[in-house]
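A.B. asks: Just one file: target-v9.cif, with mmCIF, C-alpha atoms.
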data_upload
loop_
_atom_site.label_atom_id
_atom_site.label_comp_id
_atom_site.auth_asym_id
_atom_site.auth_seq_id
_atom_site.Cartn_x
_atom_site.Cartn_y
_atom_site.Cartn_z
CA MET A 160 -56.83 -24.55 -89.61
CA LYS A 161 -57.71 -27.18 -86.99
CA ILE A 162 -58.13 -25.89 -83.43
CA ASN A 163 -58.22 -28.36 -80.51
CA LYS A 164 -60.91 -28.44 -77.84
CA TRP A 165 -58.61 -26.99 -75.13
CA THR A 166 -58.05 -23.88 -77.28
CA LEU A 167 -61.76 -23.55 -78.07
CA GLY A 168 -62.54 -23.74 -74.35
CA LEU A 169 -60.02 -21.02 -73.52
CA ALA A 170 -61.40 -18.86 -76.31
CA ALA A 171 -64.95 -19.35 -75.02
CA VAL A 172 -64.10 -17.77 -71.67
CA GLY A 173 -62.04 -14.99 -73.26
CA LEU A 174 -58.59 -16.18 -72.17
CA VAL A 175 -57.29 -16.35 -75.74
CA SER A 176 -58.46 -15.04 -79.12
CA LEU A 177 -58.79 -17.26 -82.15
CA ALA A 178 -56.91 -14.67 -84.19
CA SER A 179 -53.88 -14.95 -81.93
CA VAL A 180 -54.12 -18.74 -82.08
CA ALA A 181 -54.12 -18.61 -85.86
CA ARG A 182 -50.98 -16.49 -85.85
CA ALA A 183 -49.34 -18.86 -83.39
CA GLU A 184 -50.23 -21.84 -85.59
CA GLU A 185 -48.70 -20.15 -88.58
CA ALA A 186 -45.51 -19.39 -86.62
CA LYS A 187 -45.42 -23.00 -85.34
CA THR A 188 -44.85 -21.91 -81.74
CA VAL A 189 -44.95 -24.33 -78.77
CA PRO A 190 -48.46 -24.57 -77.22
CA LEU A 191 -48.86 -22.54 -74.01
CA LEU A 192 -50.53 -25.47 -72.24
CA THR A 193 -47.31 -27.50 -72.19
CA ALA A 194 -46.39 -26.18 -68.72
CA LEU A 195 -49.77 -27.31 -67.36
CA SER A 196 -49.67 -30.85 -68.74
CA ALA A 197 -48.47 -32.38 -65.44
CA THR A 198 -50.82 -30.42 -63.16
CA THR A 199 -53.51 -32.39 -61.36
CA ILE A 200 -56.66 -31.17 -59.62
CA SER A 201 -58.09 -32.82 -56.53
CA GLY A 202 -60.22 -32.03 -53.51
CA TYR A 203 -63.24 -33.02 -51.48
CA VAL A 204 -66.51 -31.93 -49.92
CA ASP A 205 -67.00 -32.87 -46.25
CA VAL A 206 -70.47 -32.72 -44.63
CA SER A 207 -71.92 -34.07 -41.39
CA ALA A 208 -74.95 -34.41 -39.15
CA VAL A 209 -74.49 -34.30 -35.36
CA TRP A 210 -76.75 -35.09 -32.41
CA ASN A 211 -75.82 -34.50 -28.77
CA PRO A 212 -78.34 -36.12 -26.40
CA GLY A 213 -79.37 -33.94 -23.48
CA SER A 214 -80.33 -30.29 -23.22
CA GLY A 215 -77.92 -27.39 -23.55
CA ASN A 216 -74.81 -27.21 -25.73
CA ALA A 217 -73.31 -23.91 -24.59
CA ASN A 218 -70.09 -25.61 -23.44
CA PRO A 219 -69.07 -28.28 -25.99
CA ALA A 220 -66.04 -30.49 -25.44
CA PRO A 221 -62.97 -28.35 -26.26
CA TYR A 222 -61.39 -30.31 -29.10
CA SER A 223 -60.83 -28.83 -32.56
CA PHE A 224 -63.83 -28.04 -34.76
CA ASN A 225 -66.43 -29.29 -32.28
CA ALA A 226 -68.05 -25.99 -31.31
CA GLY A 227 -71.09 -24.97 -33.35
CA LYS A 228 -71.90 -28.41 -34.80
CA GLN A 229 -74.26 -29.67 -32.13
CA ASP A 230 -77.77 -30.90 -33.02
CA GLY A 231 -77.86 -30.13 -36.73
CA PHE A 232 -76.49 -30.49 -40.22
CA ASN A 233 -73.09 -29.07 -41.14
CA VAL A 234 -70.91 -28.23 -44.10
CA ASP A 235 -67.49 -28.88 -42.56
CA LEU A 236 -65.02 -28.28 -45.38
CA VAL A 237 -64.66 -27.69 -49.07
CA ASP A 238 -61.12 -28.31 -50.31
CA ILE A 239 -59.59 -27.92 -53.76
CA ALA A 240 -55.94 -28.36 -54.74
CA LEU A 241 -53.79 -27.89 -57.82
CA SER A 242 -50.44 -29.67 -57.78
CA LYS A 243 -47.55 -30.92 -59.87
CA PRO A 244 -45.60 -33.72 -58.16
CA LEU A 245 -41.86 -34.08 -58.26
CA GLU A 246 -40.49 -36.31 -61.00
CA GLU A 247 -37.84 -38.98 -60.67
CA GLY A 248 -34.96 -36.91 -62.00
CA GLN A 249 -31.75 -35.17 -61.07
CA TRP A 250 -33.31 -31.75 -60.85
CA SER A 251 -37.09 -31.80 -60.43
CA SER A 252 -39.61 -29.14 -59.49
CA GLY A 253 -43.27 -28.98 -58.62
CA TYR A 254 -45.81 -27.04 -56.62
CA LYS A 255 -49.03 -27.26 -54.63
CA LEU A 256 -51.82 -24.74 -54.16
CA GLU A 257 -54.60 -25.82 -51.79
CA LEU A 258 -57.63 -23.71 -50.92
CA MET A 259 -60.00 -24.43 -48.06
CA ALA A 260 -63.34 -23.00 -46.98
CA GLY A 261 -65.62 -23.84 -44.07
CA PRO A 262 -65.62 -23.87 -40.27
CA ASP A 263 -62.99 -26.66 -40.17
CA ALA A 264 -60.45 -24.67 -42.19
CA PRO A 265 -57.58 -24.05 -39.73
CA GLY A 266 -54.95 -21.41 -39.37
CA ILE A 267 -56.77 -18.36 -40.69
CA SER A 268 -58.75 -15.81 -38.70
CA PRO A 269 -62.48 -16.54 -39.22
CA ASP A 270 -64.89 -14.10 -40.75
CA ALA A 271 -67.93 -12.64 -38.96
CA ALA A 272 -69.87 -15.86 -39.58
CA GLY A 273 -67.13 -17.98 -38.01
CA ASN A 274 -65.91 -19.44 -41.31
CA ALA A 275 -62.31 -19.50 -42.44
CA ALA A 276 -61.63 -19.30 -46.17
CA ALA A 277 -58.08 -18.87 -47.35
CA ILE A 278 -54.92 -20.51 -48.63
CA ARG A 279 -54.15 -23.64 -46.65
CA GLN A 280 -51.02 -24.60 -48.58
CA ALA A 281 -49.01 -22.82 -51.28
CA TYR A 282 -45.47 -24.03 -51.80
CA VAL A 283 -42.84 -24.78 -54.41
CA ASN A 284 -41.28 -28.26 -54.42
CA LEU A 285 -37.64 -28.68 -55.41
CA ARG A 286 -35.44 -31.78 -55.60
CA ALA A 287 -31.63 -31.61 -55.56
CA PRO A 288 -29.42 -34.56 -56.65
CA VAL A 289 -27.77 -35.03 -53.26
CA GLY A 290 -27.38 -38.68 -52.25
CA ASN A 291 -30.82 -40.28 -52.41
CA GLY A 292 -32.37 -36.93 -53.30
CA LEU A 293 -32.91 -33.89 -51.08
CA ASP A 294 -36.43 -32.45 -51.30
CA PHE A 295 -37.50 -28.93 -50.32
CA GLN A 296 -40.87 -27.28 -49.71
CA ILE A 297 -40.76 -23.48 -49.75
CA GLY A 298 -43.86 -21.50 -48.81
CA ARG A 299 -46.93 -22.48 -46.77
CA PHE A 300 -47.23 -26.17 -45.85
CA ASP A 301 -48.98 -28.52 -43.42
CA ASN A 302 -47.54 -29.13 -39.96
CA ILE A 303 -45.31 -32.21 -39.98
CA LEU A 304 -46.11 -33.38 -36.42
CA GLY A 305 -49.09 -35.40 -35.28
CA TYR A 306 -50.98 -38.67 -35.69
CA GLU A 307 -53.99 -37.03 -37.33
CA ALA A 308 -54.37 -34.78 -40.37
CA THR A 309 -56.49 -31.70 -41.00
CA ASP A 310 -58.31 -33.72 -43.70
CA SER A 311 -60.69 -35.76 -41.55
CA TYR A 312 -61.11 -38.54 -44.12
CA LYS A 313 -57.41 -39.43 -43.70
CA ASN A 314 -57.94 -40.11 -39.98
CA PRO A 315 -59.33 -43.23 -38.31
CA ASN A 316 -62.13 -41.14 -36.74
CA TRP A 317 -64.14 -38.14 -37.89
CA THR A 318 -63.88 -36.04 -34.71
CA ARG A 319 -60.40 -34.76 -33.89
CA SER A 320 -58.33 -35.91 -30.95
CA TYR A 321 -57.12 -33.69 -28.13
CA GLY A 322 -53.61 -34.33 -29.45
CA TYR A 323 -54.53 -32.76 -32.79
CA THR A 324 -56.08 -29.86 -30.88
CA LEU A 325 -52.74 -29.05 -29.25
CA GLU A 326 -50.72 -28.98 -32.46
CA PRO A 327 -50.17 -26.19 -34.98
CA THR A 328 -51.74 -26.89 -38.36
CA GLU A 329 -49.63 -25.00 -40.94
CA HIS A 330 -46.34 -23.13 -41.13
CA THR A 331 -44.77 -20.64 -43.54
CA GLY A 332 -41.09 -21.30 -44.17
CA VAL A 333 -38.73 -23.89 -45.67
CA LEU A 334 -38.71 -27.68 -45.17
CA GLY A 335 -35.99 -30.11 -46.18
CA SER A 336 -36.61 -33.88 -46.35
CA TYR A 337 -34.08 -36.66 -46.85
CA LYS A 338 -34.46 -40.44 -46.95
CA PHE A 339 -31.28 -41.97 -45.55
CA SER A 340 -32.49 -45.52 -46.20
CA ASP A 341 -35.70 -47.55 -46.42
CA MET A 342 -35.72 -47.49 -42.61
CA VAL A 343 -34.73 -43.89 -41.73
CA SER A 344 -35.95 -40.53 -43.03
CA ALA A 345 -35.92 -37.03 -41.57
CA THR A 346 -37.56 -33.66 -42.14
CA VAL A 347 -36.15 -30.40 -40.77
CA GLY A 348 -37.35 -26.86 -41.38
CA VAL A 349 -37.36 -23.21 -40.42
CA ALA A 350 -40.61 -21.23 -40.17
CA ASN A 351 -41.75 -17.76 -39.20
CA THR A 352 -43.64 -19.04 -36.15
CA VAL A 353 -44.28 -22.37 -34.47
CA THR A 354 -47.88 -21.33 -33.81
CA THR A 355 -50.16 -21.28 -36.84
CA GLY A 356 -51.35 -17.81 -37.72
CA GLY A 357 -52.09 -15.85 -40.86
CA LEU A 358 -50.39 -16.70 -44.13
CA ASN A 359 -47.29 -14.55 -43.47
CA ALA A 360 -47.60 -14.05 -39.70
CA ARG A 361 -44.41 -13.07 -37.87
CA ASN A 362 -43.21 -13.33 -34.29
CA ALA A 363 -44.02 -10.11 -32.46
CA SER A 364 -42.92 -8.14 -29.41
CA GLY A 365 -43.24 -4.62 -28.04
CA GLY A 366 -45.32 -1.98 -29.77
CA ASN A 367 -48.67 -0.80 -28.54
CA PRO A 368 -49.93 -3.39 -26.00
CA ALA A 369 -53.53 -2.38 -26.57
CA VAL A 370 -53.37 -3.24 -30.27
CA PHE A 371 -52.50 -6.84 -31.08
CA GLY A 372 -51.39 -6.03 -34.62
CA GLY A 373 -49.22 -3.13 -33.56
CA LYS A 374 -46.25 -5.12 -32.25
CA SER A 375 -42.91 -5.11 -34.02
CA THR A 376 -41.13 -8.25 -35.21
CA ILE A 377 -37.77 -9.63 -34.07
CA GLU A 378 -35.90 -10.08 -37.34
CA SER A 379 -33.58 -12.88 -36.23
CA LYS A 380 -36.18 -14.96 -34.38
CA LYS A 381 -37.54 -17.97 -36.28
CA SER A 382 -38.91 -21.41 -35.38
CA ILE A 383 -37.39 -24.87 -35.83
CA LEU A 384 -39.44 -27.83 -37.12
CA SER A 385 -38.24 -31.45 -37.03
CA LEU A 386 -39.47 -35.02 -37.50
CA VAL A 387 -37.62 -38.36 -37.69
CA THR A 388 -39.36 -41.47 -39.06
CA LEU A 389 -38.24 -45.08 -38.53
CA THR A 390 -39.98 -47.65 -40.75
CA ALA A 391 -39.80 -51.43 -40.35
CA PRO A 392 -38.42 -53.08 -43.54
CA GLU A 393 -40.06 -55.88 -45.52
CA SER A 394 -37.66 -58.42 -44.02
CA TRP A 395 -39.25 -57.96 -40.59
CA GLY A 396 -42.24 -60.14 -41.39
CA TRP A 397 -45.69 -59.16 -40.16
CA VAL A 398 -44.35 -55.97 -38.53
CA ALA A 399 -43.11 -54.65 -41.93
CA GLY A 400 -44.45 -51.19 -42.71
CA SER A 401 -44.88 -50.23 -39.06
CA ALA A 402 -43.49 -46.78 -38.26
CA LEU A 403 -42.21 -44.86 -35.25
CA TYR A 404 -42.24 -41.05 -35.37
CA GLY A 405 -40.59 -38.46 -33.15
CA GLY A 406 -40.46 -34.72 -33.57
CA VAL A 407 -40.01 -31.36 -31.86
CA ASP A 408 -41.14 -27.89 -32.93
CA TYR A 409 -39.61 -24.96 -31.06
CA GLY A 410 -39.92 -21.24 -31.55
CA SER A 411 -42.06 -18.19 -31.15
CA GLY A 412 -45.79 -17.95 -31.27
CA ASN A 413 -47.27 -15.08 -33.23
CA GLY A 414 -47.60 -12.89 -30.16
CA ALA A 415 -49.83 -12.71 -27.11
CA VAL A 416 -51.25 -10.07 -24.83
CA LEU A 417 -50.71 -10.90 -21.15
CA VAL A 418 -52.24 -9.04 -18.23
CA ASN A 419 -50.25 -7.75 -15.25
CA ALA A 420 -52.31 -6.01 -12.54
CA GLY A 421 -54.98 -5.20 -15.09
CA VAL A 422 -52.49 -3.75 -17.60
CA PRO A 423 -52.15 -5.53 -20.99
CA ILE A 424 -48.57 -6.31 -21.97
CA ALA A 425 -47.67 -7.45 -25.48
CA LYS A 426 -45.20 -10.34 -25.54
CA THR A 427 -43.86 -13.01 -27.86
CA VAL A 428 -44.46 -16.46 -26.35
CA ASP A 429 -41.90 -19.18 -27.09
CA LYS A 430 -43.44 -22.65 -27.40
CA THR A 431 -42.19 -26.21 -27.52
CA HIS A 432 -44.27 -28.95 -29.18
CA VAL A 433 -43.20 -32.57 -28.65
CA TYR A 434 -44.71 -35.47 -30.57
CA VAL A 435 -44.15 -39.24 -30.49
CA GLY A 436 -46.29 -41.54 -32.61
CA LEU A 437 -46.47 -45.22 -33.49
CA THR A 438 -48.37 -47.11 -36.20
CA MET A 439 -48.02 -50.85 -35.76
CA LYS A 440 -49.05 -53.79 -37.95
CA THR A 441 -50.14 -56.95 -36.12
CA PRO A 442 -50.10 -60.70 -36.87
CA LEU A 443 -53.75 -60.21 -37.89
CA LYS A 444 -53.22 -58.63 -41.31
CA ASP A 445 -56.45 -56.63 -41.11
CA LEU A 446 -55.75 -55.17 -37.65
CA THR A 447 -53.59 -52.07 -37.15
CA VAL A 448 -52.90 -50.34 -33.83
CA GLY A 449 -51.34 -47.01 -32.99
CA ALA A 450 -50.44 -44.61 -30.21
CA SER A 451 -49.54 -40.95 -29.86
CA TYR A 452 -48.19 -38.47 -27.34
CA ASP A 453 -48.45 -34.71 -27.77
CA SER A 454 -47.36 -31.92 -25.46
CA VAL A 455 -47.04 -28.15 -25.72
CA ASN A 456 -45.30 -25.91 -23.24
CA ASN A 457 -44.81 -22.15 -23.10
CA SER A 458 -41.11 -21.53 -22.51
CA ASP A 459 -41.92 -17.92 -21.64
CA SER A 460 -44.24 -18.90 -18.83
CA PHE A 461 -47.46 -17.02 -18.33
CA GLY A 462 -46.74 -17.67 -14.67
CA ALA A 463 -44.04 -15.01 -14.79
CA LEU A 464 -46.81 -12.45 -14.33
CA PRO A 465 -49.31 -12.39 -11.44
CA GLY A 466 -52.64 -13.94 -12.34
CA ASN A 467 -51.22 -15.84 -15.35
CA PRO A 468 -50.67 -19.52 -14.43
CA ALA A 469 -48.04 -21.50 -16.35
CA ALA A 470 -49.34 -22.74 -19.69
CA TYR A 471 -48.93 -26.44 -20.42
CA ALA A 472 -50.98 -29.18 -22.06
CA MET A 473 -50.50 -32.84 -22.98
CA ALA A 474 -52.55 -35.62 -24.55
CA VAL A 475 -52.04 -39.36 -25.06
CA ALA A 476 -54.14 -41.61 -27.28
CA GLY A 477 -54.39 -45.24 -28.41
CA TYR A 478 -55.88 -46.34 -31.74
CA ALA A 479 -57.09 -49.60 -33.28
CA SER A 480 -58.45 -50.18 -36.79
CA TYR A 481 -59.86 -53.40 -38.24
CA LYS A 482 -60.73 -53.98 -41.89
CA ILE A 483 -63.84 -56.18 -42.05
CA THR A 484 -64.19 -56.24 -45.84
CA ASP A 485 -62.89 -54.20 -48.76
CA LYS A 486 -65.66 -51.68 -48.06
CA ALA A 487 -66.24 -51.92 -44.29
CA SER A 488 -63.95 -51.12 -41.35
CA VAL A 489 -64.16 -50.18 -37.66
CA HIS A 490 -61.92 -47.74 -35.77
CA THR A 491 -61.57 -46.94 -32.07
CA ARG A 492 -59.65 -44.29 -30.13
CA ILE A 493 -59.19 -43.83 -26.39
CA GLU A 494 -57.49 -40.69 -25.08
CA TYR A 495 -56.62 -38.63 -22.04
CA ALA A 496 -55.80 -34.91 -21.99
CA HIS A 497 -54.52 -32.66 -19.23
CA ALA A 498 -54.04 -28.91 -19.51
CA SER A 499 -53.36 -25.91 -17.31
CA VAL A 500 -54.62 -22.50 -18.41
CA TYR A 501 -53.72 -22.58 -22.08
CA PRO A 502 -55.19 -19.79 -24.23
CA GLY A 503 -57.10 -21.09 -27.23
CA VAL A 504 -56.34 -24.75 -26.50
CA LEU A 505 -58.60 -27.01 -24.43
CA SER A 506 -60.26 -23.76 -23.46
CA GLY A 507 -63.16 -25.11 -21.45
CA THR A 508 -64.08 -23.92 -17.97
CA ARG A 509 -60.95 -23.76 -15.79
CA LEU A 510 -61.31 -25.55 -12.49
CA ASN A 511 -59.13 -26.67 -9.60
CA GLY A 512 -56.45 -24.01 -9.96
CA GLY A 513 -56.72 -23.79 -13.73
CA GLN A 514 -56.50 -27.53 -14.49
CA ILE A 515 -58.64 -29.43 -16.95
CA LYS A 516 -58.61 -33.21 -17.33
CA ALA A 517 -60.60 -35.03 -19.98
CA LEU A 518 -61.16 -38.65 -20.99
CA ALA A 519 -62.63 -39.58 -24.36
CA LEU A 520 -63.63 -42.79 -26.15
CA THR A 521 -64.58 -42.82 -29.83
CA GLY A 522 -65.94 -45.59 -32.04
CA THR A 523 -66.34 -45.27 -35.82
CA PHE A 524 -67.91 -47.57 -38.42
CA GLN A 525 -66.97 -46.82 -42.02
CA TYR A 526 -68.69 -48.30 -45.06
CA ASP A 527 -67.74 -47.08 -48.53
CA LEU A 528 -70.82 -47.93 -50.56
CA TRP A 529 -70.50 -45.33 -53.32
CA GLN A 530 -67.48 -44.74 -55.54
CA ASN A 531 -65.26 -41.85 -54.34
CA VAL A 532 -67.41 -41.49 -51.18
CA ILE A 533 -66.39 -42.13 -47.56
CA SER A 534 -69.37 -42.62 -45.23
CA ARG A 535 -68.99 -42.96 -41.47
CA LEU A 536 -71.13 -43.33 -38.37
CA GLU A 537 -69.44 -42.30 -35.13
CA VAL A 538 -70.21 -42.27 -31.42
CA ARG A 539 -67.99 -40.32 -29.00
CA TRP A 540 -68.05 -39.98 -25.22
CA ASP A 541 -66.14 -37.18 -23.44
CA HIS A 542 -65.85 -37.21 -19.65
CA ALA A 543 -64.71 -34.55 -17.18
CA GLY A 544 -61.79 -36.28 -15.48
CA GLN A 545 -61.96 -34.41 -12.19
CA GLY A 546 -65.23 -36.02 -11.17
CA ARG A 547 -68.48 -34.77 -9.67
CA GLY A 548 -68.63 -31.07 -8.96
CA PHE A 549 -66.30 -30.26 -11.88
CA GLN A 550 -68.65 -30.22 -14.85
CA TYR A 551 -67.21 -29.17 -18.23
CA TYR A 552 -70.04 -29.67 -20.70
CA GLY A 553 -73.60 -28.72 -21.58
CA GLY A 554 -75.60 -25.95 -19.96
CA THR A 555 -77.41 -23.06 -21.59
CA ALA A 556 -74.85 -20.32 -20.83
CA ALA A 557 -71.19 -20.13 -21.83
CA GLY A 558 -68.95 -20.64 -18.81
CA VAL A 559 -71.71 -22.36 -16.81
CA PRO A 560 -71.42 -26.06 -17.72
CA ALA A 561 -73.95 -28.51 -16.32
CA ARG A 562 -72.75 -32.01 -17.23
CA LEU A 563 -69.81 -34.31 -16.53
CA ASN A 564 -70.29 -36.10 -19.85
CA GLU A 565 -70.84 -35.19 -23.47
CA VAL A 566 -72.10 -37.81 -25.92
CA THR A 567 -71.85 -37.16 -29.65
CA VAL A 568 -73.52 -39.19 -32.39
CA ALA A 569 -72.38 -38.16 -35.86
CA ALA A 570 -72.79 -39.16 -39.49
CA ASN A 571 -70.10 -37.99 -41.92
CA ILE A 572 -70.02 -38.07 -45.71
CA VAL A 573 -66.97 -37.08 -47.77
CA TYR A 574 -66.82 -36.99 -51.57
CA LYS A 575 -63.29 -37.00 -52.97
CA PHE A 576 -62.35 -36.03 -56.51
#
Show how you would write the structure in this file as structure tokens.
C.D. replies:
Amino acid sequence: MKINKWTLGLAAVGLVSLASVARAEEAKTVPLLTALSATTISGYVDVSAVWNPGSGNANPAPYSFNAGKQDGFNVDLVDIALSKPLEEGQWSSGYKLELMAGPDAPGISPDAAGNAAAIRQAYVNLRAPVGNGLDFQIGRFDNILGYEATDSYKNPNWTRSYGYTLEPTEHTGVLGSYKFSDMVSATVGVANTVTTGGLNARNASGGNPAVFGGKSTIESKKSILSLVTLTAPESWGWVAGSALYGGVDYGSGNGAVLVNAGVPIAKTVDKTHVYVGLTMKTPLKDLTVGASYDSVNNSDSFGALPGNPAAYAMAVAGYASYKITDKASVHTRIEYAHASVYPGVLSGTRLNGGQIKALALTGTFQYDLWQNVISRLEVRWDHAGQGRGFQYYGGTAAGVPARLNEVTVAANIVYKF
């Protein structure tokens, strides 16, 4: 009897016995690995080194994944994914399971060391033969809004924008996508919450206000996700491939504890996220520009209770990328962010009645010398937009910033497989 290498490998780790394989061979049964033949494995390892000139890093700029990386070497993320893509057929199915570990893993409560390690995505893909094909994702999936992705190597810059900081990162629910034409496509979905929480987090209200996890859910309350994409066709000349995006997420957060006269009150907070993005080709074939607008607003205003100012934040950004050679490129981003007291978002020192204003300029040089490796050198400048006397950054004690500016010099290496 001839046994293939796959079977020998499974036998070596105890997943099958050679005796059972022999019986299966004799019965001429279909190999069990048939269902795995279309599955692919991919992932990456993301590491960095960061230097912030000046003394004191107790109050780093409040954009995503910045805290804790100052003046040292970092393992940012380890990502691994198993997936089976949809096939071109009448009825097609697939799946994706993506696991993430490291301080840049979003959406999951961190452990005692500050690291998050959990399921980032786990969904079933289904395609129905409706018109051009109606696709569904059912389970846990990435947020559909935003110019930037959680995977830093997919972004023009390594550090995240303030716009990304405002957005949710994953949802648990159902998404439907349909391509009306080469120019118009849309994605609409329903999720448990609009705010990213644990894998199966629910909206919450009532219950014991002193215990965050003790609130009951509202069965009928879910969140709406939406995105429309307009893409310039090939017939439009140099602008072909440019895209305009617009989307709105609306629904409940996963609960909050507000304070009224010193008494904690559990409450579900409704939120509205608005996103508009543009990626534009130019007459210079190696130059691409872009822009984004993000805002988030609490519909159930924190201002309804004394001592809880209304929660609102917005960010705008402009991007430019130029491909120098097949291996080398440069990328710039300029951005402005403005936020009132917004828990967990842009959560630096609150000044001038709870307002925070920030300017940031980022420049990135990317040179892909090794196969499967992205290597980047980046310089970023963050500035406290309210001027002298309203420092946001630096200092040696949390809540006592000492500088108007934060400068970050970073080297980033990502290996993709």
A.B. asks: Using all atoms listed in the file, pick whichever of A:Asn284, A:Asn351, A:Ser344, A:Asn291 has the shortest atom-to-atom distance to A:Glu246.
C.D. replies: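 Among the listed residues, the smallest separation from A:Glu246 belongs to A:Asn284.
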A.B. asks: Using the chain letters and numbers from this file, what does the PyMOL selection byres ((chain A and resi 571) around 6) select? Give the answer as a VMD selection string.
C.D. replies: chain A and resid 206 to 207 534 to 535 570 572
A.B. asks: Neighbours of stretch 488-490 of chain A within 12 Å (all atoms listed in the file; same-chain residues fewer than 4 positions away dropped), as a PyMOL selection string?
C.D. replies: chain A and resi 314-318+445-449+477-484+520-528+533-539
A.B. asks: What is the atom CA of A:Tyr323 to atom CA of A:Gly202 distance in Å?
C.D. replies: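 About the pair atom CA of A:Tyr323 and atom CA of A:Gly202: they are 21.5 Å apart.
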A.B. asks: Given the point (-72.2, -36.6, -23.1) in the coordinates of this file, which residues lie within 12 Å, counting only C-alpha atoms, and how would they look as a PyMOL selection string?
C.D. replies: chain A and resi 210-216+218-220+229+518-521+538-543+550-554+560-568
A.B. asks: Generate the coordinates of N, CA and C atoms for stretch 438-452 of chain A; report them as a CSV table (one decimal), in the frame of the given file.
C.D. replies:
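Saved file result_5.csv follows:
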chain,number,residue,atom,x,y,z
A,438,THR,N,-47.4,-46.3,-35.4
A,438,THR,CA,-48.4,-47.1,-36.2
A,438,THR,C,-47.8,-48.5,-36.4
A,439,MET,N,-48.6,-49.5,-35.8
A,439,MET,CA,-48.0,-50.8,-35.8
A,439,MET,C,-48.9,-51.9,-36.5
A,440,LYS,N,-48.3,-52.6,-37.4
A,440,LYS,CA,-49.0,-53.8,-38.0
A,440,LYS,C,-49.1,-54.9,-36.9
A,441,THR,N,-50.0,-55.8,-37.1
A,441,THR,CA,-50.1,-57.0,-36.1
A,441,THR,C,-50.1,-58.3,-36.9
A,442,PRO,N,-50.0,-59.4,-36.2
A,442,PRO,CA,-50.1,-60.7,-36.9
A,442,PRO,C,-51.4,-60.9,-37.6
A,443,LEU,N,-52.5,-60.2,-37.2
A,443,LEU,CA,-53.8,-60.2,-37.9
A,443,LEU,C,-53.6,-59.2,-39.0
A,444,LYS,N,-53.6,-59.6,-40.2
A,444,LYS,CA,-53.2,-58.6,-41.3
A,444,LYS,C,-54.2,-57.5,-41.5
A,445,ASP,N,-55.4,-57.7,-41.0
A,445,ASP,CA,-56.4,-56.6,-41.1
A,445,ASP,C,-56.6,-55.7,-39.9
A,446,LEU,N,-55.7,-56.0,-38.9
A,446,LEU,CA,-55.8,-55.2,-37.6
A,446,LEU,C,-54.5,-54.3,-37.6
A,447,THR,N,-54.7,-53.0,-37.4
A,447,THR,CA,-53.6,-52.1,-37.2
A,447,THR,C,-53.8,-51.3,-35.9
A,448,VAL,N,-52.8,-51.1,-35.1
A,448,VAL,CA,-52.9,-50.3,-33.8
A,448,VAL,C,-51.9,-49.2,-33.9
A,449,GLY,N,-52.2,-48.2,-33.0
A,449,GLY,CA,-51.3,-47.0,-33.0
A,449,GLY,C,-51.4,-46.3,-31.6
A,450,ALA,N,-50.5,-45.4,-31.4
A,450,ALA,CA,-50.4,-44.6,-30.2
A,450,ALA,C,-49.8,-43.3,-30.5
A,451,SER,N,-50.1,-42.3,-29.7
A,451,SER,CA,-49.5,-41.0,-29.9
A,451,SER,C,-49.4,-40.2,-28.5
A,452,TYR,N,-48.4,-39.4,-28.5
A,452,TYR,CA,-48.2,-38.5,-27.3
A,452,TYR,C,-47.9,-37.1,-27.9
